[in-house]
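Enquirer: Before we start, here is the structure in question, set down as structure tokens.
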Amino acid sequence: MAKLIDGKMISQQIKDELKAKVATLKEEGKDICLAVIQVGNDPASTVYVGNKKKACEYIGIKSLAFELPEETTEEELIGIIDKLNNDNDVDGILVQLPVPKHINEDTIIKSISPKKDVDGFHPASVGALSIGQHGFVSCTPAGVIQLLKRSNIEIAGKECVVIGRSNIVGKPMSMMLLRENGTVTVCHSKTKDLKDVCKRADILVVAIGKPKMIDESYVKDGAVVIDVGIHRDENNKLCGDVDFESVEKKASYITPVPGGVGPMTIAMLMNNCVEAGINK
Ligand code: NDP
């Protein structure tokens with residue numbers, strides 16, 4: 001039976017470490033401030049933004065909320081981002097995605113200064129990761145690396161298979177595993193013999209966006225399985241991309257859903273904000 005990797009506990013540890021760091025910075029007269037911009041009122045986005053504000057409050061990071069109407073134009077949004085880019089009191093800028101359809105997401109991401117790009121989505125941040133330079137890294141895959149490290153799971157020299165190549169999870173995940181000296185294979189919808197490739201993995205990271213698709217037949221005995229997926233099943237219960245009941249019998253470590261990768265994303269966002277404040 002696999003050991004559970006407790007993302008709730010590990011994310012709490014990280015938030016408490018950050019809280020202590022922020023308190024020390026405050027004593028030195030340094031405040032950390034995150035600007036969070038939401039355009040429109042998509043209910044899921046409102047929940048995510050609310051959780052980010054709560055995490056800021058817990059850690060002692062000041063949060064500036066910009067709740068903009070759905071009709072906000074791209075120019076208006078860029079104008080606000082530009083002001084925040086030039087405001088020395090603001091350390092991090094986050095635009096909650098998705099933005100309404102009349103606004104180009106790529107243009108918005110590029111308009112955020114890489115120095116304040118705490119989501120790690122700016123092409124300069126992504127480029128820095130791929131050539132091993134310092135920059136902000138995407139929060140969900142950064143959270144996965146912390147889950148592995150803080151569970152004392154060695155990455156160097158391991159066969160790491162990532163299912164998914166999205167810009168926010170799969171691609172940065174593979175770059176980060178490579179940076180940790182894993183031997184990395186990235187799978188996607190055109191991958192042939194997905195099962196055979198997955199069965200080579202010592203560490204299998206699943207970000208496929210398909211509820212419970214990965215069962216024990218994709219998993220090598222004793223593999224570490226990290227489930228990035230979040231869905232609601234037919235009974236409206238949260239589940240991941242991995243069929244937990246079947247895989248936990250074969251894996252050595254596994255992340256649950258909920259309580260695995262999910263809580264790590266906000267913890268790593270907070271970490272990026274504190275880094276932004278320290279390095280400005
Ligand atoms: P995307 O839908 O953007 O990407 C899914 C990836 O899986 C694509 O690269 C796709 O390949 C690949 N894929 C789809 N079907 C197959 C298949 N049958 N075989 C092999 N590969 C396949 O999803 P995201 O990366 O944004 O998210 C992945 C999951 O993680 C989702 O469940 C999402 O809800 C969750 N998530 C969780 C977060 C958290 O905080 N825990 C944060 C972000 C996402 P191709 O490129 O060829 O289309």
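Scheme for the structure tokens: letters A, B, ... for chains in order shown; per-chain residue numbers from 1; ligand numbers from 1 in order shown.
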Residues of chain A that have any atom at most 8 Å from an atom of ligand 1: could you tabulate them with the shortest-distance atom pair and the distance in Å to one decimal, using only C-alpha atoms and all ligand atoms, ordered by chain and increasing number, as a Markdown table?

Expert:
```
| residue | atom | partner | partner_atom_place_in_ligand_line | distance |
| --- | --- | --- | --- | --- |
| A:Cys139 | CA | ligand 1 | 40 (O) | 7.9 |
| A:Thr140 | CA | ligand 1 | 40 (O) | 5.3 |
| A:Ile163 | CA | ligand 1 | 21 (N) | 5.7 |
| A:Gly164 | CA | ligand 1 | 6 (C) | 3.6 |
| A:Arg165 | CA | ligand 1 | 9 (O) | 3.7 |
| A:Ser166 | CA | ligand 1 | 25 (O) | 4.4 |
| A:Asn167 | CA | ligand 1 | 25 (O) | 7.0 |
| A:Ile168 | CA | ligand 1 | 25 (O) | 6.1 |
| A:Val169 | CA | ligand 1 | 25 (O) | 4.7 |
| A:Gly170 | CA | ligand 1 | 25 (O) | 5.7 |
| A:Cys187 | CA | ligand 1 | 21 (N) | 5.7 |
| A:His188 | CA | ligand 1 | 21 (N) | 3.4 |
| A:Ser189 | CA | ligand 1 | 21 (N) | 3.7 |
| A:Lys190 | CA | ligand 1 | 47 (O) | 5.6 |
| A:Thr191 | CA | ligand 1 | 20 (C) | 6.2 |
| A:Leu194 | CA | ligand 1 | 20 (C) | 6.7 |
| A:Val206 | CA | ligand 1 | 29 (C) | 7.6 |
| A:Ala207 | CA | ligand 1 | 28 (C) | 3.9 |
| A:Ile208 | CA | ligand 1 | 7 (O) | 3.5 |
| A:Gly209 | CA | ligand 1 | 32 (O) | 3.4 |
| A:Lys210 | CA | ligand 1 | 32 (O) | 6.2 |
| A:Pro211 | CA | ligand 1 | 32 (O) | 7.2 |
| A:Asp227 | CA | ligand 1 | 30 (O) | 7.9 |
| A:Val228 | CA | ligand 1 | 30 (O) | 4.6 |
| A:Gly229 | CA | ligand 1 | 32 (O) | 3.3 |
| A:Ile230 | CA | ligand 1 | 34 (O) | 4.4 |
| A:His231 | CA | ligand 1 | 32 (O) | 6.2 |
| A:Gly240 | CA | ligand 1 | 32 (O) | 6.6 |
| A:Asp241 | CA | ligand 1 | 32 (O) | 6.2 |
| A:Gly260 | CA | ligand 1 | 41 (N) | 7.8 |
| A:Val261 | CA | ligand 1 | 41 (N) | 4.9 |
| A:Gly262 | CA | ligand 1 | 41 (N) | 3.7 |
| A:Pro263 | CA | ligand 1 | 40 (O) | 6.9 |
| A:Met264 | CA | ligand 1 | 40 (O) | 7.1 |
| A:Thr265 | CA | ligand 1 | 40 (O) | 5.0 |
| A:Ile266 | CA | ligand 1 | 40 (O) | 7.8 |
```

Enquirer: Quick one: residues within 7 Å of Lys220 of chain A, only C-alpha atoms counted, chain neighbours fewer than 2 positions away excluded, as a PyMOL selection string?

Expert: chain A and resi 199-201+218+222-223

Enquirer: Which residue gives the smallest distance to Lys52 of chain A among A:Met173, A:Ile37, A:Ile254, A:Val90, with only C-alpha atoms counted?

Expert: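 Going through A:Met173, A:Ile37, A:Ile254, A:Val90 one by one, the smallest distance to Lys52 of chain A is for A:Ile37.
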
Enquirer: Restricting the calculation to only C-alpha atoms: of A:Val126, A:Leu4, A:Pro256, A:Glu75, which residue gets closest to Met175 of chain A?

Expert: A:Val126

Enquirer: Looking at only C-alpha atoms, which of A:Cys239, A:Val197, A:Ala267, A:Ile153 is the one that sits closest to Lys3 of chain A?

Expert: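 Checking each candidate against Lys3 of chain A, we get A:Ile153 as the closest.
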
Enquirer: Between atom CA of Asp16 of chain A and atom CA of Phe244 of chain A, what is the distance, to one decimal in Å?

Expert: 29.1 Å

Enquirer: Which is closer to Met270 of chain A than all the others in A:Gly92, A:Pro69, A:Pro100, A:Pro258, using only C-alpha atoms?

Expert: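 For Met270 of chain A, the nearest of the given residues is A:Gly92.
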
Enquirer: Determine which residues of segment 184-234 of chain A DSSP labels as helix (DSSP H, G or I) from the backbone of this structure, then write them out as a ChimeraX atom specification.

Expert: /A:194-198,216-218

Enquirer: Between A:Gly132, A:Val137, A:Ser125, A:Glu74, which has the minimum distance to Ile108 of chain A (counting only C-alpha atoms)?

Expert: A:Glu74

Enquirer: Which residue gives the smallest distance to Ala55 of chain A among A:Ile103, A:Met268, A:Ile214, A:Ala276, with only C-alpha atoms counted?

Expert: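 Between A:Ile103, A:Met268, A:Ile214, A:Ala276, the residue approaching Ala55 of chain A most closely is A:Met268.
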
Enquirer: Could you check how far atom CA of Lys158 of chain A sits from atom CA of Met213 of chain A, in Å to one decimal?

Expert: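 Going from atom CA of Lys158 of chain A over to atom CA of Met213 of chain A, I get 23.6 Å.
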
Enquirer: Taking the DSSP assignment computed from this structure's backbone, write out as a list in words all residues of segment 171-225 of chain A that belong to strand (DSSP E).

Expert: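 Those residues are Thr183, Val184, Thr185, Val186, Cys187, Ile203, Leu204, Val205, Val206, Val224 and Val225 of chain A.
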
Enquirer: Using atom CA of Ile155 of chain A and atom CA of Val225 of chain A as the two end points, give the distance in Å to one decimal.

Expert: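 That distance, rounded to one decimal, is 12.8 Å.
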
Enquirer: Leaving out Leu177 of chain A and any residue of its chain fewer than 3 positions from it, which residues lie within 10 Å of it when counting only C-alpha atoms, given as a count of residues only?

Expert: 21

Enquirer: Contacts of Tyr58 of chain A at 9 Å or less, counting only C-alpha atoms, minus same-chain residues fewer than 3 places along, as number ranges by chain?

Expert: A: 15-16, 19, 53-55, 61
